[in-house]
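final_9.cif (mmCIF, C-alpha atoms) appears below.
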```
data_start
loop_
_atom_site.label_atom_id
_atom_site.label_comp_id
_atom_site.auth_asym_id
_atom_site.auth_seq_id
_atom_site.Cartn_x
_atom_site.Cartn_y
_atom_site.Cartn_z
CA MET A 209 0.00 0.00 0.00
CA SER A 210 2.70 2.37 0.91
CA LYS A 211 4.22 1.86 -2.48
CA PHE A 212 1.29 3.29 -4.36
CA GLY A 213 -0.62 5.40 -1.88
CA GLY A 214 2.28 7.22 -0.39
CA ARG A 215 3.27 10.63 -1.64
CA ASN A 216 6.85 9.61 -2.14
CA LYS A 217 9.18 12.07 -3.78
CA LYS A 218 10.91 9.48 -5.86
CA GLU A 219 11.65 10.67 -9.39
CA MET A 220 9.63 9.12 -12.19
CA PRO A 221 11.80 7.34 -14.70
CA ALA A 222 11.77 9.14 -18.08
CA ILE A 223 9.70 7.42 -20.73
CA SER A 224 11.98 6.00 -23.33
CA THR A 225 11.45 7.67 -26.69
CA SER A 226 13.85 5.51 -28.57
CA SER A 227 11.01 3.63 -30.30
CA LEU A 228 9.25 6.81 -31.39
CA PRO A 229 11.02 6.97 -34.76
CA ASP A 230 10.00 3.38 -35.43
CA ILE A 231 6.37 4.14 -34.71
CA VAL A 232 6.42 7.20 -36.92
CA PHE A 233 8.15 5.33 -39.70
CA MET A 234 5.48 2.68 -39.52
CA LEU A 235 2.81 5.36 -39.89
CA LEU A 236 4.77 6.83 -42.75
CA PHE A 237 4.93 3.54 -44.60
CA PHE A 238 1.24 3.00 -44.03
CA PHE A 239 0.40 6.28 -45.68
CA MET A 240 2.89 5.77 -48.47
CA VAL A 241 1.35 2.44 -49.37
CA THR A 242 -2.33 3.30 -49.04
CA THR A 243 -2.42 6.71 -50.66
CA GLN A 244 -1.61 7.97 -54.07
CA MET A 245 -0.21 11.26 -55.26
CA ARG A 246 -2.74 13.98 -55.88
CA GLN A 247 -3.42 13.99 -59.59
CA SER A 248 -3.95 17.62 -60.28
CA GLU A 249 -5.35 20.68 -58.69
CA ALA A 250 -9.07 20.93 -59.15
CA LYS A 251 -9.94 24.02 -61.12
CA VAL A 252 -13.59 23.24 -61.43
CA ILE A 253 -16.12 22.74 -58.69
CA VAL A 254 -17.28 19.15 -58.85
CA LYS A 255 -19.96 17.78 -56.59
CA ILE A 256 -20.40 14.31 -57.95
CA PRO A 257 -23.92 12.86 -57.98
CA GLU A 258 -25.11 10.05 -55.75
CA ALA A 259 -25.88 6.56 -56.92
CA SER A 260 -26.58 3.35 -55.07
CA GLU A 261 -25.11 0.83 -57.51
CA VAL A 262 -21.57 2.15 -57.69
CA ALA A 263 -18.62 -0.12 -58.34
CA LYS A 264 -15.06 0.56 -57.33
CA LEU A 265 -12.44 1.33 -59.89
CA GLU A 266 -10.11 -1.65 -59.99
CA ARG A 267 -6.98 -0.21 -61.46
CA LYS A 268 -6.53 3.34 -60.31
CA ASP A 269 -3.24 3.68 -62.13
CA LEU A 270 -4.98 3.09 -65.46
CA ALA A 271 -7.50 5.85 -65.01
CA SER A 272 -7.49 9.20 -66.72
CA TYR A 273 -9.64 11.92 -65.33
CA ILE A 274 -11.84 14.41 -67.10
CA ASN A 275 -13.33 16.98 -64.78
CA ILE A 276 -16.37 18.90 -65.88
CA GLY A 277 -17.99 21.65 -63.90
CA MET A 278 -18.19 25.31 -63.08
CA PRO A 279 -14.80 27.06 -62.74
CA ALA A 280 -13.66 27.48 -59.14
CA LYS A 281 -14.54 30.69 -57.31
CA HIS A 282 -11.21 32.44 -57.80
CA LEU A 283 -11.22 31.66 -61.51
CA GLN A 284 -14.73 32.80 -62.25
CA ALA A 285 -13.66 36.37 -62.94
CA GLN A 286 -11.45 35.08 -65.69
CA TYR A 287 -13.42 32.18 -67.09
CA GLY A 288 -17.02 32.92 -66.17
CA THR A 289 -19.47 30.46 -64.67
CA GLU A 290 -20.16 28.37 -67.76
CA SER A 291 -19.33 24.68 -67.29
CA ARG A 292 -15.85 23.88 -68.53
CA ILE A 293 -13.77 20.80 -69.14
CA GLN A 294 -10.58 20.41 -67.17
CA LEU A 295 -7.87 18.10 -68.46
CA ASN A 296 -4.76 17.78 -66.32
CA ASP A 297 -4.27 21.28 -65.00
CA SER A 298 -6.00 23.55 -67.45
CA PHE A 299 -9.30 24.30 -69.10
CA LYS A 300 -9.68 22.65 -72.47
CA ASN A 301 -12.20 22.20 -75.24
CA THR A 302 -13.68 18.98 -76.53
CA ALA A 303 -11.25 19.15 -79.45
CA ASP A 304 -8.32 18.78 -77.05
CA ILE A 305 -9.59 15.47 -75.70
CA ARG A 306 -8.05 13.59 -78.61
CA ASP A 307 -4.54 14.78 -77.71
CA PHE A 308 -5.19 14.18 -74.03
CA ILE A 309 -6.28 10.59 -74.65
CA ALA A 310 -3.33 9.97 -76.93
CA ALA A 311 -0.94 11.29 -74.29
CA GLU A 312 -2.59 9.20 -71.57
CA ARG A 313 -2.39 6.11 -73.77
CA ASP A 314 1.29 6.66 -74.35
CA SER A 315 1.97 6.94 -70.64
CA LYS A 316 0.51 3.49 -69.94
CA SER A 317 2.35 0.29 -70.67
CA GLU A 318 1.36 -1.47 -73.85
CA ALA A 319 -0.28 -4.43 -72.16
CA ASP A 320 -2.46 -2.19 -70.03
CA ARG A 321 -3.66 0.18 -72.71
CA GLN A 322 -6.79 -1.76 -73.47
CA PHE A 323 -7.85 -1.52 -69.85
CA MET A 324 -7.52 2.23 -69.68
CA THR A 325 -10.59 3.79 -68.14
CA VAL A 326 -11.64 7.37 -68.57
CA VAL A 327 -13.26 8.65 -65.40
CA ILE A 328 -15.74 11.39 -66.10
CA LYS A 329 -16.04 13.48 -62.98
CA ALA A 330 -18.86 15.85 -63.64
CA ASP A 331 -20.79 18.12 -61.36
CA GLU A 332 -24.40 17.11 -60.82
CA GLU A 333 -25.60 20.47 -62.15
CA VAL A 334 -23.81 20.08 -65.47
CA ARG A 335 -26.05 19.78 -68.52
CA MET A 336 -25.78 16.64 -70.61
CA GLY A 337 -24.88 18.56 -73.77
CA ILE A 338 -21.26 19.00 -72.78
CA ILE A 339 -21.04 15.41 -71.54
CA THR A 340 -22.51 14.10 -74.78
CA ASP A 341 -19.85 16.04 -76.67
CA VAL A 342 -17.16 14.50 -74.49
CA LYS A 343 -18.63 11.04 -74.97
CA GLN A 344 -18.75 11.44 -78.73
CA GLU A 345 -15.16 12.60 -78.77
CA LEU A 346 -14.12 9.63 -76.63
CA ARG A 347 -15.86 7.28 -79.02
CA ARG A 348 -14.01 8.87 -81.89
CA CYS A 349 -10.72 8.26 -80.08
CA SER A 350 -11.96 4.73 -79.29
CA ALA A 351 -11.46 5.22 -75.57
CA LEU A 352 -14.58 3.21 -74.87
CA LYS A 353 -14.20 2.29 -71.23
CA VAL A 354 -15.69 5.09 -69.22
CA MET A 355 -16.79 5.48 -65.66
CA TYR A 356 -19.28 8.04 -64.50
CA SER A 357 -17.98 9.07 -61.15
CA ALA A 358 -20.59 8.81 -58.43
CA ARG A 359 -20.77 8.68 -54.67
CA LYS A 360 -22.27 5.78 -52.83
CA SER A 361 -25.51 7.02 -51.40
CA GLY A 362 -26.54 6.19 -47.90
CA LYS A 363 -29.62 4.09 -47.39
CA MET B 260 45.23 -0.32 -35.21
CA GLY B 261 43.93 0.95 -31.93
CA LYS B 262 40.42 0.05 -30.90
CA HIS B 263 38.78 3.46 -30.90
CA LYS B 264 35.26 3.58 -29.67
CA THR B 265 33.16 5.28 -32.33
CA PRO B 266 30.90 7.86 -30.76
CA GLU B 267 27.24 6.99 -31.04
CA ILE B 268 25.23 9.06 -33.49
CA ASN B 269 22.57 11.03 -31.74
CA SER B 270 19.31 9.62 -33.02
CA SER B 271 16.88 11.78 -31.11
CA SER B 272 16.06 13.79 -34.22
CA THR B 273 15.10 10.76 -36.34
CA ALA B 274 11.60 11.06 -35.00
CA ASP B 275 11.39 14.66 -36.15
CA ILE B 276 12.67 13.79 -39.60
CA ALA B 277 10.17 10.96 -39.88
CA PHE B 278 7.38 13.27 -38.76
CA LEU B 279 8.31 15.75 -41.45
CA LEU B 280 8.23 13.03 -44.08
CA LEU B 281 4.91 11.83 -42.74
CA CYS B 282 3.44 15.32 -42.93
CA TYR B 283 4.70 15.69 -46.47
CA PHE B 284 2.97 12.52 -47.57
CA LEU B 285 -0.20 13.42 -45.73
CA MET B 286 -0.38 16.71 -47.57
CA THR B 287 0.45 15.57 -51.07
CA THR B 288 -1.47 12.33 -51.36
CA THR B 289 -5.10 11.39 -51.46
CA MET B 290 -6.86 8.36 -50.19
CA ASP B 291 -10.25 8.79 -51.82
CA GLN B 292 -11.72 5.75 -53.48
CA GLN B 293 -12.82 6.24 -57.02
CA SER B 294 -16.24 4.79 -57.44
CA GLY B 295 -18.90 5.13 -60.06
CA LEU B 296 -20.90 3.48 -62.79
CA GLN B 297 -18.80 1.73 -65.37
CA ARG B 298 -19.93 1.71 -68.95
CA ARG B 299 -18.64 0.69 -72.33
CA LEU B 300 -19.37 3.22 -75.00
CA PRO B 301 -20.36 1.80 -78.38
CA PRO B 302 -17.68 2.20 -81.01
CA MET B 303 -18.20 4.91 -83.58
CA PRO B 304 -20.59 3.48 -86.16
CA ASN B 305 -19.61 2.80 -89.73
CA GLU B 306 -21.91 1.94 -92.62
CA GLN B 307 -22.14 -1.78 -91.89
CA GLN B 308 -23.31 -1.25 -88.37
CA LYS B 309 -26.13 1.06 -89.33
CA VAL B 310 -27.76 -1.73 -91.30
CA GLU B 311 -27.49 -3.97 -88.28
CA ASP B 312 -29.12 -1.40 -86.05
CA GLN B 313 -32.27 -1.34 -88.11
CA LYS B 314 -32.59 -5.10 -87.94
CA VAL B 315 -33.29 -5.06 -84.21
CA ASN B 316 -36.91 -5.90 -83.73
CA ARG B 317 -39.17 -3.22 -82.34
CA ARG B 318 -40.37 -5.34 -79.48
CA ASN B 319 -36.80 -5.87 -78.30
CA ILE B 320 -36.16 -2.22 -77.61
CA ILE B 321 -37.33 -0.08 -74.77
CA VAL B 322 -36.59 3.58 -75.21
CA VAL B 323 -35.88 5.51 -72.04
CA LYS B 324 -35.84 9.22 -72.66
CA ILE B 325 -35.02 12.09 -70.36
CA ASN B 326 -36.05 15.49 -71.63
CA SER B 327 -34.54 18.85 -70.83
CA ALA B 328 -36.78 19.30 -67.80
CA ASP B 329 -35.46 15.97 -66.41
CA ARG B 330 -38.80 14.29 -67.08
CA LEU B 331 -38.59 10.62 -67.76
CA PHE B 332 -40.29 8.69 -70.54
CA ALA B 333 -40.04 4.93 -70.73
CA GLY B 334 -41.51 3.21 -73.76
CA SER B 335 -43.20 6.46 -74.87
CA GLU B 336 -45.17 7.01 -71.68
CA PRO B 337 -44.21 9.43 -68.93
CA MET B 338 -42.99 7.66 -65.85
CA ASP B 339 -41.74 8.37 -62.39
CA LEU B 340 -38.20 7.30 -61.60
CA ILE B 341 -39.26 4.91 -58.86
CA TYR B 342 -41.30 2.78 -61.28
CA LEU B 343 -38.55 2.56 -63.87
CA LYS B 344 -36.78 -0.32 -62.18
CA ASP B 345 -39.84 -2.57 -62.18
CA LYS B 346 -40.65 -1.64 -65.74
CA ILE B 347 -37.15 -2.60 -66.83
CA LYS B 348 -37.28 -5.83 -64.88
CA GLU B 349 -40.59 -6.75 -66.48
CA PHE B 350 -39.19 -5.81 -69.87
CA LEU B 351 -36.11 -7.97 -69.46
CA THR B 352 -37.77 -11.01 -67.94
CA ASN B 353 -41.00 -11.00 -69.94
CA PRO B 354 -42.58 -13.48 -67.49
CA ASN B 355 -45.79 -14.11 -69.47
CA ASN B 356 -44.16 -14.28 -72.89
CA ASP B 357 -46.07 -11.21 -73.95
CA PRO B 358 -45.63 -10.65 -77.72
CA SER B 359 -45.04 -6.93 -77.16
CA LEU B 360 -42.11 -7.60 -74.83
CA PRO B 361 -38.72 -8.87 -76.01
CA GLU B 362 -38.23 -12.35 -77.36
CA LYS B 363 -35.95 -14.82 -75.67
CA GLU B 364 -33.36 -17.07 -77.12
CA VAL B 365 -32.58 -20.32 -75.35
CA LYS B 366 -28.84 -20.57 -75.01
CA THR B 367 -26.78 -23.33 -73.48
CA LEU B 368 -24.58 -21.88 -70.79
CA ASP B 369 -21.70 -23.52 -69.00
CA ILE B 370 -22.87 -24.34 -65.49
CA ILE B 371 -26.59 -23.70 -65.40
CA GLY B 372 -27.38 -25.33 -68.73
CA GLU B 373 -30.15 -24.00 -70.93
CA TYR B 374 -31.49 -20.59 -70.09
CA PRO B 375 -33.75 -18.27 -72.06
CA VAL B 376 -31.65 -15.16 -72.60
CA SER B 377 -33.64 -12.03 -73.26
CA LYS B 378 -32.83 -10.13 -76.41
CA GLY B 379 -34.04 -6.90 -74.89
CA VAL B 380 -32.02 -3.74 -75.35
CA ILE B 381 -32.48 -0.61 -73.28
CA SER B 382 -31.94 2.48 -75.35
CA LEU B 383 -31.16 5.52 -73.26
CA GLN B 384 -31.68 8.89 -74.88
CA ASN B 385 -31.19 12.26 -73.38
CA ASP B 386 -31.48 15.88 -74.32
CA ARG B 387 -28.62 18.35 -74.30
CA GLY B 388 -30.38 20.17 -71.50
CA THR B 389 -30.81 17.15 -69.23
CA SER B 390 -28.98 17.55 -65.95
CA TYR B 391 -26.19 15.13 -65.20
CA GLN B 392 -27.79 14.26 -61.89
CA ALA B 393 -30.98 13.03 -63.57
CA TYR B 394 -28.95 11.10 -66.11
CA ILE B 395 -26.94 9.32 -63.42
CA ALA B 396 -30.11 8.63 -61.45
CA VAL B 397 -31.66 6.90 -64.47
CA GLN B 398 -28.45 5.02 -65.25
CA ASN B 399 -28.41 3.92 -61.64
CA GLU B 400 -31.96 2.59 -61.82
CA LEU B 401 -31.12 0.63 -64.97
CA VAL B 402 -28.09 -0.93 -63.32
CA LYS B 403 -30.12 -1.65 -60.24
CA ALA B 404 -32.75 -3.49 -62.26
CA ILE B 405 -30.11 -5.64 -63.91
CA ASN B 406 -28.27 -6.25 -60.64
CA GLU B 407 -31.49 -7.38 -58.99
CA LEU B 408 -32.24 -9.78 -61.82
CA ARG B 409 -28.73 -11.19 -61.55
CA ASP B 410 -29.12 -11.57 -57.80
CA GLU B 411 -32.42 -13.39 -58.25
CA LEU B 412 -30.96 -15.78 -60.78
CA SER B 413 -27.87 -16.35 -58.64
CA ILE B 414 -29.98 -17.22 -55.64
CA ALA B 415 -32.16 -19.55 -57.72
CA LYS B 416 -29.20 -21.36 -59.26
CA PHE B 417 -26.45 -21.19 -56.66
CA GLY B 418 -28.20 -20.09 -53.49
CA LYS B 419 -25.92 -17.11 -53.11
CA LYS B 420 -25.97 -13.49 -54.13
CA TYR B 421 -24.19 -12.51 -57.32
CA ILE B 422 -21.34 -10.73 -55.52
CA LYS B 423 -20.49 -13.82 -53.48
CA LEU B 424 -20.22 -16.16 -56.46
CA GLU B 425 -17.00 -17.47 -57.98
CA THR B 426 -15.65 -15.66 -61.02
CA ALA B 427 -16.73 -18.41 -63.43
CA GLU B 428 -20.22 -18.45 -61.99
CA GLN B 429 -20.46 -14.68 -62.21
CA GLU B 430 -19.55 -14.90 -65.85
CA VAL B 431 -22.35 -17.37 -66.51
CA ILE B 432 -24.84 -15.12 -64.77
CA ARG B 433 -23.56 -12.16 -66.75
CA LYS B 434 -24.15 -14.11 -69.95
CA ALA B 435 -27.63 -15.14 -68.84
CA ILE B 436 -28.60 -11.56 -68.04
CA PRO B 437 -26.51 -9.27 -70.20
CA GLN B 438 -26.34 -5.57 -69.54
CA ASN B 439 -27.56 -4.26 -72.86
CA ILE B 440 -27.79 -0.54 -72.38
CA SER B 441 -27.32 1.39 -75.54
CA GLU B 442 -26.53 5.03 -75.22
CA ALA B 443 -27.98 6.22 -78.46
CA GLU B 444 -26.53 8.72 -80.82
CA PRO B 445 -27.19 12.16 -79.44
CA LYS B 446 -30.39 13.65 -80.65
CA ASP B 447 -32.63 16.43 -79.64
CA VAL B 448 -35.37 14.73 -77.68
CA SER B 449 -37.41 17.88 -77.23
CA LYS B 450 -37.69 18.52 -80.96
CA LYS B 451 -39.74 15.48 -81.93
#
```
Represent the supplied structure as structure tokens.
Amino acid sequence: MSKFGGRNKKEMPAISTSSLPDIVFMLLFFFMVTTQMRQSEAKVIVKIPEASEVAKLERKDLASYINIGMPAKHLQAQYGTESRIQLNDSFKNTADIRDFIAAERDSKSEADRQFMTVVIKADEEVRMGIITDVKQELRRCSALKVMYSARKSGK
Amino acid sequence: MGKHKTPEINSSSTADIAFLLLCYFLMTTTMDQQSGLQRRLPPMPNEQQKVEDQKVNRRNIIVVKINSADRLFAGSEPMDLIYLKDKIKEFLTNPNNDPSLPEKEVKTLDIIGEYPVSKGVISLQNDRGTSYQAYIAVQNELVKAINELRDELSIAKFGKKYIKLETAEQEVIRKAIPQNISEAEPKDVSKK
């Protein structure tokens, strides 16, 4: 009893911090393995629609992203509020999709090219006209695997 | 050679270095899962394909239209989104062999043997003014109808849901209930 209850003035031994780097390194490796580099800065506001039957993208490294939506707040003065297409880091037209797809194809290994998926990330407020144009252009480039990005909706 | 004792390297800052690295990776990477509805676009048509298109029997096609006010038409009648799934399921199964619903072709499949495969095709048309949200909602209902049919068949044949089946079994089910959604050539639905 006296060992615990007593107000003894014995010094507490310092907690050893020698394993702290190991713990942090473990965390570091965890994040390095589970995350991927941010693709590009979003220049358009995209609030993707909800759907209940979503499937996960299997090969994230084979995906190319096309963002469609209203330009972000700080860019609206320059580009207006009309829905725009963002490829990589800049606003583009439907005519530029061909080059974009060709460049994306080249960056993938030859065996994987047929599995390349184009992920269309469009805002739910976007009109279908612009998406139809994109789809037609993708068909012309024969990039036929597409995925309409959607969130899993709660029950 | 004298046995000098090498001084130990002070490792107390390793933790700080590791923390910095950790912070760097936390800032620059993302963890978000990409999810969505996967589709295969039809290849760009050439002359030969156009002839084929016309051959598809009228009864085998259901036209799902969304107009610019996001109103839904299925098989030429206006419809609410919540009824679309049942309509599609009825269209694809054709339980009473109704002559106005799609015909079935008995195919011999690997594991489950003979199965009447529906020839039905869902043709999805939209206007340029349709909102993306409505389009995805309709796409979602179509997928849901097909997924439910696949689940029903899986339970009848294997006693398990489609997702829990083996890859080979899933392929058979996919062949028995194909996902024939045609995203038609763009046209102005509102014009008529």
> Using the chain letters and numbers from the file, which residues does the PyMOL selection byres ((chain B) within 7 of (chain A)) grab, as an MDAnalysis selection string?
Replying inline: chainID B and resid 273:274 277:278 281 284 287:290 293:303 386:392 396 399 402:403 445
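The space between atom CA of A:Met324 and atom CA of B:Ser441 spans 20.7 Å.
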Please report, as lines of an AutoDock Vina configuration file, the centre and edge lengths in Å to one decimal of an axis-aligned box covering all listed atoms of stretch 335-343 of chain B with 5 Å per side.
```
center_x = -41.7
center_y = 6.0
center_z = -66.9
size_x = 17.0
size_y = 16.9
size_z = 26.0
```
> Contacts of A:Ile305 at 10 Å or less, counting only C-alpha atoms, minus same-chain residues fewer than 5 places along, as a list in words?
Replying inline: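 The contact residues come out as Ile274, Ile293, Gln294, Leu295, Lys300, Ala310, Ala311, Val342, Glu345, Leu346 and Cys349 of chain A.
What the PyMOL selection byres ((chain B and resi 397) around 9) grabs from this file is Val323, Ile325, Leu331, Leu340, Leu343, Leu383, Gln392, Ala393, Tyr394, Ile395, Ala396, Gln398, Asn399, Glu400, Leu401 and Val402 of chain B.
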> Could you state the separation of atom CA of B:Arg409 and atom CA of B:Met338 in Å, given to one decimal place?
Replying inline: 24.0 Å
>> Can you tell me which residues surround B:Ala404 at a distance of at most 8 Å, considering only C-alpha atoms, apart from same-chain residues fewer than 2 positions away, and format the answer as an MDAnalysis selection string?
In response: chainID B and resid 344:345 347:348 400:402 406:408
> What does the distance between atom CA of A:Asp297 and atom CA of A:Glu249 come to in Å, to one decimal place?
Replying inline: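 Spanning atom CA of A:Asp297 to atom CA of A:Glu249 is a straight-line distance of 6.4 Å.
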> Taking (-39.4, -2.6, -73.4) in the file's coordinates as the center, which residues reach within 10 Å of it, counting all atoms listed in the file, put as a list in words?
Replying inline: Arg317, Arg318, Asn319, Ile320, Ile321, Val322, Val323, Ala333, Gly334, Ser335, Lys346, Ile347, Lys348, Glu349, Phe350, Leu351, Asn353, Ser359, Leu360, Pro361, Gly379, Val380, Ile381 and Ser382 of chain B
